[in-house]
$ cat upload_39.txt   # compact mmCIF, C-alpha atoms
# COMPACT_ATOMS: atom_id res chain seq x y z
CA ASP A 1 33.68 -86.89 -107.86
CA VAL A 2 32.74 -89.26 -110.60
CA LYS A 3 30.43 -91.92 -109.39
CA VAL A 4 29.91 -95.26 -111.03
CA THR A 5 27.39 -97.27 -109.09
CA GLN A 6 26.64 -100.94 -109.48
CA SER A 7 23.29 -102.02 -108.16
CA SER A 8 24.50 -104.98 -106.11
CA ARG A 9 27.70 -105.83 -104.26
CA TYR A 10 26.88 -109.51 -103.91
CA LEU A 11 24.47 -111.72 -105.82
CA VAL A 12 23.67 -115.42 -105.60
CA LYS A 13 21.69 -116.88 -108.48
CA ARG A 14 20.65 -120.34 -109.60
CA THR A 15 21.81 -122.04 -112.78
CA GLY A 16 19.54 -121.17 -115.68
CA GLU A 17 18.25 -117.93 -114.20
CA LYS A 18 18.29 -114.71 -116.21
CA VAL A 19 20.47 -112.24 -114.33
CA PHE A 20 20.62 -108.46 -114.67
CA LEU A 21 23.59 -106.43 -113.46
CA GLU A 22 22.97 -102.71 -113.46
CA CYS A 23 25.46 -99.86 -113.66
CA VAL A 24 24.81 -96.12 -113.48
CA GLN A 25 27.29 -93.26 -113.93
CA ASP A 26 26.70 -89.61 -113.14
CA MET A 27 29.35 -87.88 -115.26
CA ASP A 28 27.63 -87.88 -118.64
CA HIS A 29 30.28 -90.22 -120.05
CA GLU A 30 29.75 -91.61 -123.51
CA ASN A 31 31.77 -94.82 -123.02
CA MET A 32 30.73 -97.57 -120.68
CA PHE A 33 32.32 -100.97 -120.19
CA TRP A 34 31.64 -104.29 -118.52
CA TYR A 35 34.61 -106.36 -117.38
CA ARG A 36 34.89 -109.70 -115.74
CA GLN A 37 37.65 -110.30 -113.19
CA ASP A 38 38.98 -113.75 -112.35
CA PRO A 39 42.07 -114.65 -110.29
CA GLY A 40 45.15 -114.99 -112.47
CA LEU A 41 43.33 -113.70 -115.54
CA GLY A 42 43.08 -110.01 -114.72
CA LEU A 43 40.19 -108.04 -116.20
CA ARG A 44 38.63 -109.14 -119.45
CA LEU A 45 36.27 -107.00 -121.49
CA ILE A 46 32.81 -108.47 -122.03
CA TYR A 47 30.99 -105.63 -123.84
CA PHE A 48 31.28 -101.91 -124.23
CA SER A 49 29.04 -99.12 -125.43
CA TYR A 50 30.00 -95.71 -126.82
CA ASP A 51 26.51 -94.30 -127.17
CA VAL A 52 22.90 -94.94 -126.31
CA LYS A 53 21.63 -98.12 -127.97
CA MET A 54 25.11 -98.83 -129.31
CA LYS A 55 27.09 -101.86 -128.19
CA GLU A 56 30.20 -103.70 -129.21
CA LYS A 57 31.51 -107.11 -128.25
CA GLY A 58 34.63 -107.33 -126.19
CA ASP A 59 36.91 -110.31 -125.73
CA ILE A 60 34.47 -112.69 -123.99
CA PRO A 61 30.87 -111.85 -124.98
CA GLU A 62 29.56 -115.42 -125.11
CA GLY A 63 26.69 -115.98 -122.71
CA TYR A 64 26.18 -112.27 -122.12
CA SER A 65 24.20 -109.43 -123.63
CA VAL A 66 23.94 -105.74 -122.77
CA SER A 67 21.45 -102.93 -122.89
CA ARG A 68 21.95 -99.18 -123.00
CA GLU A 69 18.64 -97.37 -123.24
CA LYS A 70 19.85 -94.24 -121.44
CA LYS A 71 23.26 -92.61 -121.48
CA GLU A 72 23.86 -93.03 -117.77
CA ARG A 73 22.84 -96.69 -117.50
CA PHE A 74 24.52 -99.82 -118.87
CA SER A 75 23.11 -103.22 -118.02
CA LEU A 76 24.79 -106.59 -118.33
CA ILE A 77 22.48 -109.56 -118.87
CA LEU A 78 23.29 -113.20 -118.32
CA GLU A 79 20.68 -114.90 -120.46
CA SER A 80 20.92 -118.26 -118.67
CA ALA A 81 23.36 -118.19 -115.81
CA SER A 82 25.90 -120.98 -115.53
CA THR A 83 28.37 -121.85 -112.80
CA ASN A 84 31.31 -120.80 -114.99
CA GLN A 85 29.94 -117.26 -114.87
CA THR A 86 30.65 -117.07 -111.16
CA SER A 87 33.00 -114.08 -111.01
CA MET A 88 33.53 -110.45 -110.06
CA TYR A 89 31.92 -108.08 -112.55
CA LEU A 90 33.17 -104.52 -112.90
CA CYS A 91 31.52 -101.65 -114.70
CA ALA A 92 33.50 -98.63 -115.89
CA SER A 93 32.90 -95.39 -117.72
CA SER A 94 35.03 -92.83 -119.53
CA PRO A 95 34.42 -89.76 -121.67
CA LEU A 96 34.65 -89.88 -125.44
CA VAL A 97 36.49 -86.59 -125.81
CA GLY A 98 40.04 -87.22 -124.71
CA VAL A 99 39.30 -90.90 -124.51
CA PHE A 100 42.91 -91.92 -124.89
CA ASP A 101 44.38 -89.85 -122.13
CA THR A 102 41.55 -89.95 -119.63
CA GLU A 103 41.33 -92.65 -117.05
CA ALA A 104 38.32 -94.89 -116.75
CA PHE A 105 36.25 -94.79 -113.58
CA PHE A 106 35.12 -98.02 -112.00
CA GLY A 107 32.19 -99.13 -109.92
CA GLN A 108 32.66 -101.09 -106.71
CA GLY A 109 32.08 -104.42 -108.40
CA THR A 110 29.42 -107.12 -108.18
CA ARG A 111 30.49 -110.52 -106.94
CA LEU A 112 28.16 -113.00 -108.60
CA THR A 113 27.89 -116.60 -107.48
CA VAL A 114 25.90 -119.04 -109.62
CA VAL A 115 24.88 -122.21 -107.81
CA ALA B 1 47.86 -106.31 -130.80
CA GLN B 2 48.17 -104.40 -127.57
CA SER B 3 49.15 -106.24 -124.41
CA VAL B 4 50.39 -105.74 -120.88
CA ALA B 5 52.54 -108.07 -118.82
CA GLN B 6 52.98 -108.03 -115.07
CA PRO B 7 55.69 -110.64 -114.54
CA GLU B 8 55.23 -111.05 -110.79
CA ASP B 9 52.09 -112.57 -109.30
CA GLN B 10 53.11 -111.37 -105.86
CA VAL B 11 55.58 -108.90 -104.39
CA ASN B 12 56.52 -109.01 -100.71
CA VAL B 13 58.04 -105.97 -99.02
CA ALA B 14 58.80 -104.97 -95.47
CA GLU B 15 57.16 -101.81 -94.20
CA GLY B 16 59.41 -98.80 -94.72
CA ASN B 17 61.30 -100.37 -97.60
CA PRO B 18 60.98 -99.18 -101.19
CA LEU B 19 58.66 -101.14 -103.44
CA THR B 20 58.52 -101.78 -107.17
CA VAL B 21 55.72 -103.44 -109.10
CA LYS B 22 56.76 -104.24 -112.66
CA CYS B 23 54.85 -103.73 -115.88
CA THR B 24 55.84 -104.06 -119.53
CA TYR B 25 53.65 -103.23 -122.48
CA SER B 26 53.25 -103.70 -126.20
CA VAL B 27 51.30 -101.21 -128.31
CA SER B 28 51.08 -100.33 -131.97
CA GLY B 29 51.06 -96.56 -131.40
CA ASN B 30 51.82 -94.09 -128.64
CA PRO B 31 51.44 -95.73 -125.23
CA TYR B 32 48.83 -94.39 -122.82
CA LEU B 33 49.55 -96.20 -119.57
CA PHE B 34 47.67 -96.46 -116.30
CA TRP B 35 48.03 -97.98 -112.85
CA TYR B 36 45.05 -98.98 -110.72
CA VAL B 37 44.80 -100.43 -107.22
CA GLN B 38 42.14 -102.78 -105.92
CA TYR B 39 41.44 -103.44 -102.27
CA PRO B 40 39.62 -106.69 -101.32
CA ASN B 41 36.09 -106.94 -102.72
CA ARG B 42 36.22 -103.42 -104.12
CA GLY B 43 36.39 -101.82 -107.54
CA LEU B 44 39.52 -100.39 -109.12
CA GLN B 45 40.89 -97.04 -107.99
CA PHE B 46 42.98 -94.94 -110.35
CA LEU B 47 46.55 -94.24 -109.16
CA LEU B 48 48.36 -92.51 -112.01
CA LYS B 49 48.83 -92.33 -115.74
CA TYR B 50 51.45 -91.62 -118.37
CA ILE B 51 50.28 -89.78 -121.45
CA THR B 52 53.28 -87.77 -122.61
CA GLY B 53 56.08 -85.64 -121.21
CA ASP B 54 58.10 -86.37 -118.09
CA ASN B 55 59.03 -90.02 -117.75
CA LEU B 56 58.49 -89.94 -113.99
CA VAL B 57 54.82 -89.67 -113.15
CA LYS B 58 53.55 -88.94 -109.66
CA GLY B 59 50.20 -90.18 -108.44
CA SER B 60 48.00 -90.82 -105.46
CA TYR B 61 49.10 -92.12 -102.02
CA GLY B 62 52.79 -91.38 -102.67
CA PHE B 63 53.08 -93.70 -105.66
CA GLU B 64 55.05 -92.86 -108.77
CA ALA B 65 55.83 -94.68 -111.98
CA GLU B 66 58.71 -94.53 -114.39
CA PHE B 67 58.06 -94.74 -118.11
CA ASN B 68 60.92 -96.27 -120.12
CA LYS B 69 60.28 -96.28 -123.85
CA SER B 70 63.34 -98.31 -124.83
CA GLN B 71 62.46 -101.06 -122.37
CA THR B 72 58.69 -100.67 -122.94
CA SER B 73 58.20 -100.62 -119.21
CA PHE B 74 56.08 -98.65 -116.77
CA HIS B 75 57.08 -99.78 -113.28
CA LEU B 76 55.18 -98.60 -110.23
CA LYS B 77 57.27 -97.42 -107.29
CA LYS B 78 57.02 -96.05 -103.80
CA PRO B 79 60.00 -94.96 -101.68
CA SER B 80 58.62 -96.27 -98.37
CA ALA B 81 55.93 -98.95 -98.26
CA LEU B 82 53.05 -98.96 -95.80
CA VAL B 83 51.09 -101.97 -94.55
CA SER B 84 48.00 -100.24 -95.91
CA ASP B 85 49.51 -100.42 -99.42
CA SER B 86 48.81 -104.16 -99.42
CA ALA B 87 46.42 -104.69 -102.32
CA LEU B 88 46.14 -105.91 -105.89
CA TYR B 89 47.74 -103.64 -108.50
CA PHE B 90 46.86 -103.55 -112.16
CA CYS B 91 48.77 -101.99 -115.02
CA ALA B 92 46.77 -101.09 -118.12
CA VAL B 93 47.34 -99.69 -121.59
CA ARG B 94 44.83 -97.89 -123.75
CA GLY B 95 43.79 -100.00 -126.74
CA TYR B 96 43.62 -98.76 -130.30
CA GLY B 97 41.23 -99.56 -133.06
CA GLY B 98 37.49 -100.04 -132.76
CA SER B 99 37.27 -100.40 -129.01
CA GLN B 100 36.92 -96.67 -128.31
CA GLY B 101 39.96 -96.65 -126.11
CA ASN B 102 39.25 -99.72 -124.07
CA LEU B 103 41.78 -100.42 -121.32
CA ILE B 104 43.78 -103.60 -121.68
CA PHE B 105 44.86 -104.91 -118.29
CA GLY B 106 47.68 -107.04 -116.99
CA LYS B 107 46.86 -110.00 -114.79
CA GLY B 108 47.58 -108.05 -111.62
CA THR B 109 50.26 -108.18 -108.94
CA LYS B 110 49.43 -108.79 -105.32
CA LEU B 111 51.48 -106.54 -103.07
CA SER B 112 51.99 -107.68 -99.50
CA VAL B 113 53.63 -105.28 -97.06
CA LYS B 114 54.61 -106.81 -93.73
CA PRO B 115 55.16 -104.81 -90.52
$ encode --input "upload_39.txt" --output "structure tokens"
Amino acid sequence: DVKVTQSSRYLVKRTGEKVFLECVQDMDHENMFWYRQDPGLGLRLIYFSYDVKMKEKGDIPEGYSVSREKKERFSLILESASTNQTSMYLCASSPLVGVFDTEAFFGQGTRLTVV
Amino acid sequence: AQSVAQPEDQVNVAEGNPLTVKCTYSVSGNPYLFWYVQYPNRGLQFLLKYITGDNLVKGSYGFEAEFNKSQTSFHLKKPSALVSDSALYFCAVRGYGGSQGNLIFGKGTKLSVKP
């Protein structure tokens, strides 16, 4: 089974802190994604990466950055956490070959609360 | 631009009755469509996908979906609902262009199955 593992299920951070959300996948997938999920808004893409050290902005990149130093690991960074970044964060991965007809695999999510 | 619409925020069904969760899509090329389910405080689990071929797609947990090109719809169905089917359901379409096949999600439909 494909495993996408997010390092934390729940996080509580203070305003202004630098926050790291980690995601690791074990299927040698090229593509990795970070989404943010909010009630009534569905999932929105923050950043994605299709290769090591490569990154592309998604729909809502402001206030976030990412790092992909190794193929299996994709980190989301909140440079200075704010209360409006309180949300559920979901990591996903998918292969590059057959990217269009292959489903993405999701981690269990990290529920971040910024106080 | 690609988009997905789930017109119902919530669907209520009695256990044993058939259920339908609606989804319509808009894409600039061939549609690659997916359904995911999310249980409370968990990540997304893949249910089924339409890539090509038969318009009726069968998936996990007894779910199926009907692809209708003329109506640009991809409704999720199940002949007999279970209480355990209560969850949040997301329809998604594969994006085109520079996003390496990013999934574009609808806002989600909450399914509530009552005993």
$ atom_distance --input "upload_39.txt" --atom1 "CA of Leu112 in chain A" --atom2 "CA of Cys23 in chain A"
14.3 Å
$ interface_residues --input "upload_39.txt" --of "chain A" --to "chain B" --cutoff "9 Å" --atoms "all atoms listed in the file" --output "PDB file with C-alpha atoms, in the frame of the given file"
ATOM      1  CA  ARG A   9      27.700-105.830-104.260  1.00  0.00           C
ATOM      2  CA  ASN A  31      31.770 -94.820-123.020  1.00  0.00           C
ATOM      3  CA  PHE A  33      32.320-100.970-120.190  1.00  0.00           C
ATOM      4  CA  PRO A  39      42.070-114.650-110.290  1.00  0.00           C
ATOM      5  CA  GLY A  40      45.150-114.990-112.470  1.00  0.00           C
ATOM      6  CA  LEU A  41      43.330-113.700-115.540  1.00  0.00           C
ATOM      7  CA  GLY A  42      43.080-110.010-114.720  1.00  0.00           C
ATOM      8  CA  LEU A  43      40.190-108.040-116.200  1.00  0.00           C
ATOM      9  CA  ARG A  44      38.630-109.140-119.450  1.00  0.00           C
ATOM     10  CA  LEU A  45      36.270-107.000-121.490  1.00  0.00           C
ATOM     11  CA  PHE A  48      31.280-101.910-124.230  1.00  0.00           C
ATOM     12  CA  SER A  49      29.040 -99.120-125.430  1.00  0.00           C
ATOM     13  CA  TYR A  50      30.000 -95.710-126.820  1.00  0.00           C
ATOM     14  CA  GLU A  56      30.200-103.700-129.210  1.00  0.00           C
ATOM     15  CA  LYS A  57      31.510-107.110-128.250  1.00  0.00           C
ATOM     16  CA  GLY A  58      34.630-107.330-126.190  1.00  0.00           C
ATOM     17  CA  MET A  88      33.530-110.450-110.060  1.00  0.00           C
ATOM     18  CA  LEU A  90      33.170-104.520-112.900  1.00  0.00           C
ATOM     19  CA  CYS A  91      31.520-101.650-114.700  1.00  0.00           C
ATOM     20  CA  LEU A  96      34.650 -89.880-125.440  1.00  0.00           C
ATOM     21  CA  VAL A  99      39.300 -90.900-124.510  1.00  0.00           C
ATOM     22  CA  PHE A 100      42.910 -91.920-124.890  1.00  0.00           C
ATOM     23  CA  ASP A 101      44.380 -89.850-122.130  1.00  0.00           C
ATOM     24  CA  THR A 102      41.550 -89.950-119.630  1.00  0.00           C
ATOM     25  CA  GLU A 103      41.330 -92.650-117.050  1.00  0.00           C
ATOM     26  CA  ALA A 104      38.320 -94.890-116.750  1.00  0.00           C
ATOM     27  CA  PHE A 105      36.250 -94.790-113.580  1.00  0.00           C
ATOM     28  CA  PHE A 106      35.120 -98.020-112.000  1.00  0.00           C
ATOM     29  CA  GLY A 107      32.190 -99.130-109.920  1.00  0.00           C
ATOM     30  CA  GLN A 108      32.660-101.090-106.710  1.00  0.00           C
ATOM     31  CA  GLY A 109      32.080-104.420-108.400  1.00  0.00           C
ATOM     32  CA  THR A 110      29.420-107.120-108.180  1.00  0.00           C
ATOM     33  CA  ARG A 111      30.490-110.520-106.940  1.00  0.00           C
TER      34      ARG A 111
END
$ residues_around --input "upload_39.txt" --residues "range 65-79 of chain B" --least-positions-apart "3" --cutoff "6 Å" --atoms "all atoms listed in the file" --output "list of chain:residue names"
B:Pro18, B:Leu19, B:Thr20, B:Val21, B:Lys22, B:Cys23, B:Thr24, B:Tyr25, B:Asn55, B:Leu56, B:Val57
$ atom_distance --input "upload_39.txt" --atom1 "CA of Tyr64 in chain A" --atom2 "CA of Gln37 in chain A"
14.7 Å
$ residues_around --input "upload_39.txt" --residues "range 77-79 of chain A" --least-positions-apart "3" --cutoff "8 Å" --atoms "all atoms listed in the file" --output "ChimeraX atom specification"
/A:16-21,63-67
$ atom_distance --input "upload_39.txt" --atom1 "CA of Gln2 in chain B" --atom2 "CA of Lys110 in chain B"
22.7 Å
$ residues_near_point --input "upload_39.txt" --point "(21.4, -96.3, -115.8)" --cutoff "9 Å" --atoms "only C-alpha atoms" --output "list in words"
Glu22, Cys23, Val24, Gln25, Asp26, Arg68, Glu69, Lys70, Lys71, Glu72, Arg73, Phe74 and Ser75 of chain A
$ residues_around --input "upload_39.txt" --residues "range 12-17 of chain B" --least-positions-apart "2" --cutoff "7 Å" --atoms "all atoms listed in the file" --output "list in words"
Gln10, Leu19, Pro79, Ser80, Ala81, Leu82, Val83, Leu111, Ser112, Val113, Lys114 and Pro115 of chain B
$ decode --input "upload_39.txt" --residues "range 45-81 of chain B" --atoms "N, CA and C atoms" --output "PDB file, in the first residue's frame"
ATOM      1  N   GLN B  45      -9.637   9.419   1.174  1.00  0.00           N
ATOM      2  CA  GLN B  45      -9.470   8.063   0.653  1.00  0.00           C
ATOM      3  C   GLN B  45     -10.068   7.997  -0.748  1.00  0.00           C
ATOM      4  N   PHE B  46      -9.333   7.407  -1.649  1.00  0.00           N
ATOM      5  CA  PHE B  46      -9.783   7.255  -3.031  1.00  0.00           C
ATOM      6  C   PHE B  46     -10.925   6.252  -3.114  1.00  0.00           C
ATOM      7  N   LEU B  47     -11.997   6.607  -3.864  1.00  0.00           N
ATOM      8  CA  LEU B  47     -13.125   5.707  -4.069  1.00  0.00           C
ATOM      9  C   LEU B  47     -13.132   5.104  -5.463  1.00  0.00           C
ATOM     10  N   LEU B  48     -13.066   5.977  -6.478  1.00  0.00           N
ATOM     11  CA  LEU B  48     -13.129   5.498  -7.855  1.00  0.00           C
ATOM     12  C   LEU B  48     -12.722   6.607  -8.803  1.00  0.00           C
ATOM     13  N   LYS B  49     -12.538   6.217 -10.059  1.00  0.00           N
ATOM     14  CA  LYS B  49     -12.129   7.194 -11.070  1.00  0.00           C
ATOM     15  C   LYS B  49     -12.709   6.822 -12.421  1.00  0.00           C
ATOM     16  N   TYR B  50     -12.896   7.839 -13.244  1.00  0.00           N
ATOM     17  CA  TYR B  50     -13.239   7.658 -14.651  1.00  0.00           C
ATOM     18  C   TYR B  50     -12.094   8.207 -15.486  1.00  0.00           C
ATOM     19  N   ILE B  51     -11.581   7.339 -16.350  1.00  0.00           N
ATOM     20  CA  ILE B  51     -10.518   7.761 -17.264  1.00  0.00           C
ATOM     21  C   ILE B  51     -11.032   7.684 -18.697  1.00  0.00           C
ATOM     22  N   THR B  52     -11.533   6.539 -19.069  1.00  0.00           N
ATOM     23  CA  THR B  52     -12.093   6.337 -20.398  1.00  0.00           C
ATOM     24  C   THR B  52     -12.898   5.047 -20.364  1.00  0.00           C
ATOM     25  N   GLY B  53     -13.686   4.807 -21.404  1.00  0.00           N
ATOM     26  CA  GLY B  53     -14.381   3.529 -21.498  1.00  0.00           C
ATOM     27  C   GLY B  53     -15.787   3.575 -20.948  1.00  0.00           C
ATOM     28  N   ASP B  54     -16.159   2.547 -20.225  1.00  0.00           N
ATOM     29  CA  ASP B  54     -17.521   2.378 -19.717  1.00  0.00           C
ATOM     30  C   ASP B  54     -17.937   3.570 -18.861  1.00  0.00           C
ATOM     31  N   ASN B  55     -19.143   4.059 -19.120  1.00  0.00           N
ATOM     32  CA  ASN B  55     -19.609   5.239 -18.390  1.00  0.00           C
ATOM     33  C   ASN B  55     -19.968   4.943 -16.938  1.00  0.00           C
ATOM     34  N   LEU B  56     -20.178   3.698 -16.609  1.00  0.00           N
ATOM     35  CA  LEU B  56     -20.477   3.316 -15.235  1.00  0.00           C
ATOM     36  C   LEU B  56     -19.210   2.737 -14.618  1.00  0.00           C
ATOM     37  N   VAL B  57     -18.727   3.405 -13.598  1.00  0.00           N
ATOM     38  CA  VAL B  57     -17.480   3.011 -12.960  1.00  0.00           C
ATOM     39  C   VAL B  57     -17.792   2.463 -11.575  1.00  0.00           C
ATOM     40  N   LYS B  58     -17.206   1.327 -11.262  1.00  0.00           N
ATOM     41  CA  LYS B  58     -17.409   0.738  -9.938  1.00  0.00           C
ATOM     42  C   LYS B  58     -16.176   0.972  -9.080  1.00  0.00           C
ATOM     43  N   GLY B  59     -16.418   1.220  -7.786  1.00  0.00           N
ATOM     44  CA  GLY B  59     -15.309   1.513  -6.900  1.00  0.00           C
ATOM     45  C   GLY B  59     -15.389   0.778  -5.588  1.00  0.00           C
ATOM     46  N   SER B  60     -14.766   1.376  -4.589  1.00  0.00           N
ATOM     47  CA  SER B  60     -14.666   0.756  -3.272  1.00  0.00           C
ATOM     48  C   SER B  60     -15.976   0.880  -2.513  1.00  0.00           C
ATOM     49  N   TYR B  61     -16.179  -0.026  -1.540  1.00  0.00           N
ATOM     50  CA  TYR B  61     -17.287   0.016  -0.570  1.00  0.00           C
ATOM     51  C   TYR B  61     -18.658   0.004  -1.241  1.00  0.00           C
ATOM     52  N   GLY B  62     -18.778  -0.554  -2.446  1.00  0.00           N
ATOM     53  CA  GLY B  62     -20.055  -0.646  -3.124  1.00  0.00           C
ATOM     54  C   GLY B  62     -20.486   0.603  -3.872  1.00  0.00           C
ATOM     55  N   PHE B  63     -19.628   1.604  -3.915  1.00  0.00           N
ATOM     56  CA  PHE B  63     -19.952   2.827  -4.640  1.00  0.00           C
ATOM     57  C   PHE B  63     -19.712   2.663  -6.137  1.00  0.00           C
ATOM     58  N   GLU B  64     -20.470   3.417  -6.899  1.00  0.00           N
ATOM     59  CA  GLU B  64     -20.279   3.501  -8.339  1.00  0.00           C
ATOM     60  C   GLU B  64     -20.563   4.936  -8.775  1.00  0.00           C
ATOM     61  N   ALA B  65     -20.135   5.259  -9.957  1.00  0.00           N
ATOM     62  CA  ALA B  65     -20.373   6.608 -10.470  1.00  0.00           C
ATOM     63  C   ALA B  65     -20.677   6.517 -11.950  1.00  0.00           C
ATOM     64  N   GLU B  66     -21.559   7.413 -12.373  1.00  0.00           N
ATOM     65  CA  GLU B  66     -21.970   7.431 -13.772  1.00  0.00           C
ATOM     66  C   GLU B  66     -21.444   8.677 -14.449  1.00  0.00           C
ATOM     67  N   PHE B  67     -20.655   8.469 -15.480  1.00  0.00           N
ATOM     68  CA  PHE B  67     -20.115   9.561 -16.281  1.00  0.00           C
ATOM     69  C   PHE B  67     -21.098   9.886 -17.397  1.00  0.00           C
ATOM     70  N   ASN B  68     -21.455  11.173 -17.521  1.00  0.00           N
ATOM     71  CA  ASN B  68     -22.370  11.609 -18.577  1.00  0.00           C
ATOM     72  C   ASN B  68     -21.722  12.792 -19.288  1.00  0.00           C
ATOM     73  N   LYS B  69     -21.208  12.536 -20.472  1.00  0.00           N
ATOM     74  CA  LYS B  69     -20.455  13.571 -21.185  1.00  0.00           C
ATOM     75  C   LYS B  69     -21.348  14.730 -21.603  1.00  0.00           C
ATOM     76  N   SER B  70     -22.556  14.443 -22.063  1.00  0.00           N
ATOM     77  CA  SER B  70     -23.426  15.508 -22.558  1.00  0.00           C
ATOM     78  C   SER B  70     -23.866  16.439 -21.432  1.00  0.00           C
ATOM     79  N   GLN B  71     -24.023  15.889 -20.242  1.00  0.00           N
ATOM     80  CA  GLN B  71     -24.412  16.708 -19.098  1.00  0.00           C
ATOM     81  C   GLN B  71     -23.211  17.128 -18.254  1.00  0.00           C
ATOM     82  N   THR B  72     -22.035  16.758 -18.667  1.00  0.00           N
ATOM     83  CA  THR B  72     -20.783  17.022 -17.929  1.00  0.00           C
ATOM     84  C   THR B  72     -20.955  16.714 -16.450  1.00  0.00           C
ATOM     85  N   SER B  73     -21.440  15.525 -16.183  1.00  0.00           N
ATOM     86  CA  SER B  73     -21.691  15.132 -14.802  1.00  0.00           C
ATOM     87  C   SER B  73     -20.977  13.833 -14.468  1.00  0.00           C
ATOM     88  N   PHE B  74     -20.763  13.634 -13.196  1.00  0.00           N
ATOM     89  CA  PHE B  74     -20.098  12.416 -12.702  1.00  0.00           C
ATOM     90  C   PHE B  74     -20.648  12.155 -11.307  1.00  0.00           C
ATOM     91  N   HIS B  75     -21.909  11.690 -11.257  1.00  0.00           N
ATOM     92  CA  HIS B  75     -22.604  11.514  -9.993  1.00  0.00           C
ATOM     93  C   HIS B  75     -22.195  10.216  -9.307  1.00  0.00           C
ATOM     94  N   LEU B  76     -22.021  10.306  -8.012  1.00  0.00           N
ATOM     95  CA  LEU B  76     -21.673   9.139  -7.190  1.00  0.00           C
ATOM     96  C   LEU B  76     -22.954   8.475  -6.696  1.00  0.00           C
ATOM     97  N   LYS B  77     -22.983   7.143  -6.746  1.00  0.00           N
ATOM     98  CA  LYS B  77     -24.204   6.436  -6.366  1.00  0.00           C
ATOM     99  C   LYS B  77     -23.878   5.190  -5.544  1.00  0.00           C
ATOM    100  N   LYS B  78     -24.911   4.786  -4.799  1.00  0.00           N
ATOM    101  CA  LYS B  78     -24.823   3.519  -4.086  1.00  0.00           C
ATOM    102  C   LYS B  78     -26.246   2.986  -3.945  1.00  0.00           C
ATOM    103  N   PRO B  79     -26.492   1.734  -4.276  1.00  0.00           N
ATOM    104  CA  PRO B  79     -27.862   1.211  -4.276  1.00  0.00           C
ATOM    105  C   PRO B  79     -28.512   1.176  -2.892  1.00  0.00           C
ATOM    106  N   SER B  80     -27.714   0.933  -1.851  1.00  0.00           N
ATOM    107  CA  SER B  80     -28.274   0.794  -0.508  1.00  0.00           C
ATOM    108  C   SER B  80     -27.299   1.415   0.499  1.00  0.00           C
ATOM    109  N   ALA B  81     -27.700   2.546   1.071  1.00  0.00           N
ATOM    110  CA  ALA B  81     -26.800   3.291   1.948  1.00  0.00           C
ATOM    111  C   ALA B  81     -26.653   2.626   3.314  1.00  0.00           C
TER     112      ALA B  81
END
